[in-house]
>>> print(open('structure_3.cif').read())   # mmCIF, C-alpha atoms
data_data
loop_
_atom_site.label_atom_id
_atom_site.label_comp_id
_atom_site.auth_asym_id
_atom_site.auth_seq_id
_atom_site.Cartn_x
_atom_site.Cartn_y
_atom_site.Cartn_z
CA MET A 1 35.32 -83.65 77.76
CA SER A 2 33.66 -81.70 74.95
CA THR A 3 34.01 -78.08 73.87
CA THR A 4 31.40 -76.09 71.97
CA THR A 5 32.06 -72.65 70.48
CA PHE A 6 29.27 -70.41 69.20
CA ASP A 7 28.92 -66.88 67.94
CA THR A 8 27.24 -64.43 70.32
CA GLY A 9 26.07 -62.10 67.55
CA VAL A 10 28.53 -59.39 68.55
CA THR A 11 31.36 -58.84 66.10
CA GLY A 12 34.52 -60.62 67.27
CA VAL A 13 32.96 -62.13 70.42
CA THR A 14 32.45 -65.84 70.77
CA SER A 15 31.49 -67.97 73.70
CA THR A 16 32.97 -71.31 74.59
CA THR A 17 31.24 -73.91 76.71
CA THR A 18 33.17 -76.81 78.15
CA SER A 19 31.54 -79.81 79.74
CA SER A 20 32.98 -82.96 81.16
CA THR A 21 31.47 -86.24 82.05
CA SER A 22 32.98 -88.55 84.56
CA SER A 23 32.76 -92.26 84.48
CA THR A 24 34.21 -94.44 87.16
CA SER A 25 36.18 -97.23 85.65
CA THR A 26 37.45 -100.34 87.35
CA ALA A 27 40.96 -98.87 87.27
CA ASP A 28 39.72 -95.72 89.05
CA LYS A 29 38.08 -97.80 91.76
CA ALA A 30 41.22 -99.90 92.21
CA ALA A 31 43.36 -96.77 92.52
CA GLU A 32 40.94 -95.34 95.07
CA HIS A 33 41.30 -98.40 97.31
CA ALA A 34 45.00 -99.06 96.67
CA GLY A 35 46.10 -97.60 100.01
CA ARG A 36 43.49 -99.37 102.10
CA VAL A 37 44.15 -102.45 104.16
CA SER A 38 41.93 -105.36 103.22
CA TRP A 39 39.68 -107.06 105.73
CA LYS A 40 41.20 -110.41 104.77
CA ARG A 41 44.72 -109.23 105.56
CA GLY A 42 43.63 -107.46 108.75
CA LEU A 43 41.71 -110.42 110.15
CA ALA A 44 44.45 -112.89 109.21
CA THR A 45 46.92 -110.70 111.07
CA GLY A 46 44.50 -110.50 113.99
CA ALA A 47 44.27 -114.29 114.09
CA VAL A 48 48.06 -114.60 114.31
CA ALA A 49 48.17 -111.95 117.06
CA ALA A 50 45.31 -113.65 118.92
CA VAL A 51 47.21 -116.94 118.94
CA ALA A 52 50.43 -115.23 120.05
CA SER A 53 48.68 -113.34 122.85
CA THR A 54 46.91 -116.49 124.02
CA VAL A 55 50.22 -118.37 124.01
CA VAL A 56 51.72 -115.69 126.29
CA ALA A 57 48.77 -116.02 128.68
CA THR A 58 49.09 -119.82 128.53
CA VAL A 59 52.78 -119.62 129.42
CA PHE A 60 51.87 -117.63 132.54
CA ASP A 61 49.16 -120.18 133.34
CA VAL A 62 51.47 -123.19 132.88
CA ALA A 63 54.09 -121.46 135.03
CA GLY A 64 51.52 -121.54 137.83
CA HIS A 65 50.38 -117.96 137.62
CA ALA A 66 47.10 -117.54 135.76
CA LEU A 67 46.54 -113.89 134.89
CA THR A 68 44.05 -112.63 137.46
CA VAL A 69 41.98 -109.46 137.66
CA VAL A 70 39.70 -107.91 140.26
CA ASP A 71 36.03 -108.70 139.59
CA ASP A 72 32.88 -106.62 140.18
CA HIS A 73 32.31 -108.04 143.65
CA GLY A 74 35.69 -107.14 145.12
CA GLY A 75 37.08 -110.63 144.59
CA SER A 76 39.41 -111.79 141.89
CA GLY A 77 39.35 -114.34 139.12
CA ALA A 78 41.59 -115.67 136.38
CA VAL A 79 40.97 -114.30 132.89
CA PRO A 80 39.77 -117.17 130.65
CA LEU A 81 42.33 -117.95 127.94
CA PHE A 82 39.78 -117.60 125.11
CA ALA A 83 39.15 -114.00 126.25
CA PHE A 84 42.64 -113.00 125.11
CA ALA A 85 41.91 -114.13 121.55
CA GLN A 86 38.50 -112.43 121.56
CA MET A 87 39.86 -109.10 122.71
CA VAL A 88 42.76 -109.19 120.23
CA LEU A 89 40.34 -109.86 117.38
CA LEU A 90 38.10 -107.01 118.55
CA GLY A 91 41.12 -104.69 118.73
CA THR A 92 42.17 -105.77 115.24
CA VAL A 93 38.75 -104.92 113.81
CA ILE A 94 39.04 -101.47 115.38
CA GLY A 95 42.55 -101.15 113.92
CA VAL A 96 41.38 -102.08 110.42
CA VAL A 97 38.56 -99.54 110.58
CA VAL A 98 40.98 -96.83 111.73
CA ALA A 99 43.51 -97.80 109.01
CA ARG A 100 40.88 -97.71 106.27
CA HIS A 101 39.75 -94.19 107.18
CA THR A 102 42.97 -92.40 108.15
CA SER A 103 46.44 -91.66 106.84
CA ARG A 104 49.32 -93.87 107.84
CA THR A 105 50.68 -91.25 110.26
CA THR A 106 47.31 -90.80 111.93
CA PHE A 107 46.94 -94.58 112.10
CA PHE A 108 50.26 -94.96 113.95
CA ARG A 109 49.44 -92.16 116.36
CA ALA A 110 45.96 -93.50 117.06
CA THR A 111 47.05 -97.11 117.52
CA VAL A 112 49.96 -96.22 119.80
CA ALA A 113 47.59 -94.13 121.93
CA LEU A 114 44.95 -96.89 121.94
CA THR A 115 47.56 -99.50 122.89
CA ALA A 116 48.71 -97.35 125.79
CA LEU A 117 45.11 -96.79 126.89
CA SER A 118 44.35 -100.51 126.63
CA CYS A 119 47.10 -101.17 129.18
CA VAL A 120 45.55 -98.91 131.82
CA PRO A 121 42.87 -101.41 132.96
CA SER A 122 45.52 -104.13 133.13
CA LEU A 123 47.57 -101.99 135.47
CA ALA A 124 44.52 -100.95 137.49
CA TRP A 125 42.78 -104.31 137.79
CA GLY A 126 45.66 -106.77 137.86
CA VAL A 127 45.83 -108.35 141.32
CA THR A 128 49.61 -108.78 141.63
CA ALA A 129 52.60 -107.23 139.90
CA THR A 130 52.98 -110.43 137.88
CA ASP A 131 49.37 -110.15 136.71
CA LYS A 132 49.90 -106.55 135.69
CA VAL A 133 53.09 -107.34 133.78
CA GLY A 134 51.54 -110.38 132.10
CA LEU A 135 48.43 -108.52 131.00
CA VAL A 136 50.46 -105.62 129.62
CA VAL A 137 52.77 -108.04 127.79
CA THR A 138 49.77 -109.66 126.07
CA HIS A 139 48.70 -106.20 124.84
CA LEU A 140 52.16 -105.33 123.60
CA VAL A 141 52.62 -108.68 121.82
CA ALA A 142 49.33 -108.24 119.98
CA ALA A 143 50.11 -104.61 119.09
CA ALA A 144 53.61 -105.52 117.89
CA ILE A 145 52.08 -107.96 115.41
CA VAL A 146 48.98 -106.06 114.29
CA ILE A 147 50.12 -102.44 113.98
CA PRO A 148 53.09 -102.86 111.60
CA ARG A 149 51.25 -105.35 109.38
CA ILE A 150 48.13 -103.21 109.01
CA ALA A 151 50.20 -100.04 108.55
CA ARG A 152 51.86 -101.57 105.49
CA ARG A 153 48.49 -101.65 103.76
#
>>> encode(input="structure_3.cif", output="structure tokens")
Amino acid sequence: MSTTTFDTGVTGVTSTTTSSTSSTSTADKAAEHAGRVSWKRGLATGAVAAVASTVVATVFDVAGHALTVVDDHGGSGAVPLFAFAQMVLLGTVIGVVVARHTSRTTFFRATVALTALSCVPSLAWGVTATDKVGLVVTHLVAAAIVIPRIARR
């Protein structure tokens, strides 16, 4: 910041001009991003949640009850195990984007609402009560891993 004072030609009156220049240093950039969750941390957390969610679905499958949903043609079919991991990773990417652009409070509110909304299709399209419970449990397991870890930033 620099200050320049000059005489206006009127007795006892001066004028002062102040100008500032801003330069973005590495420290400023680091401080700007200090509260943001990193993609590396978010995706690593998503990978752990994807494995956990897939394990839950596998337990249901091994117990003789593959998680089944109604398909487009009025029939039903088991959800492929790899689909659980894919959807958890997709949800994690959405969570990281929300976390990077909102406050922590807004992040919690948004992710709790999104988790609740993500359970609605499971309740609507699950064929049996066991399917519905199993599908909701996979959502809750993933959310219980991802949300607190990303919220820590």
>>> atom_distance(input="structure_3.cif", atom1="atom CA of Leu81 of chain A", atom2="atom CA of Ala57 of chain A")
6.8 Å
>>> residues_near_point(input="structure_3.cif", point="(47.0, -106.7, 131.8)", cutoff="8 Å", atoms="all atoms listed in the file", output="ChimeraX atom specification")
/A:67,119-123,125-126,131-139
>>> resolve_selection(input="structure_3.cif", expression="the PyMOL selection byres ((chain A and resi 48-50) around 8)", output="ChimeraX atom specification")
/A:44-47,51-54,84-86,88-89,141-143,145-146
>>> resolve_selection(input="structure_3.cif", expression="the PyMOL selection byres ((chain A and resi 152) around 9)", output="count of residues only")
9
>>> atom_distance(input="structure_3.cif", atom1="atom CA of Ile94 of chain A", atom2="atom CA of Leu140 of chain A")
16.0 Å
>>> residues_around(input="structure_3.cif", residues="Ala110 of chain A", least_positions_apart="5", cutoff="10 Å", atoms="all atoms listed in the file", output="CSV table (one decimal) with C-alpha atoms, keeping the file's coordinate frame")
chain,number,residue,atom,x,y,z
A,95,GLY,CA,42.6,-101.2,113.9
A,98,VAL,CA,41.0,-96.8,111.7
A,99,ALA,CA,43.5,-97.8,109.0
A,102,THR,CA,43.0,-92.4,108.2
A,104,ARG,CA,49.3,-93.9,107.8
A,105,THR,CA,50.7,-91.2,110.3
A,115,THR,CA,47.6,-99.5,122.9
A,116,ALA,CA,48.7,-97.4,125.8
>>> closest_residue(input="structure_3.cif", among="A:Ala129, A:Val112, A:Leu43, A:Thr58", to="Ala83 of chain A", atoms="all atoms listed in the file")
A:Thr58
>>> closest_residue(input="structure_3.cif", among="A:Ser118, A:Thr130, A:Ser38, A:Thr111", to="Met87 of chain A", atoms="all atoms listed in the file")
A:Ser118
>>> atom_distance(input="structure_3.cif", atom1="atom CA of Phe108 of chain A", atom2="atom CA of Val96 of chain A")
11.9 Å
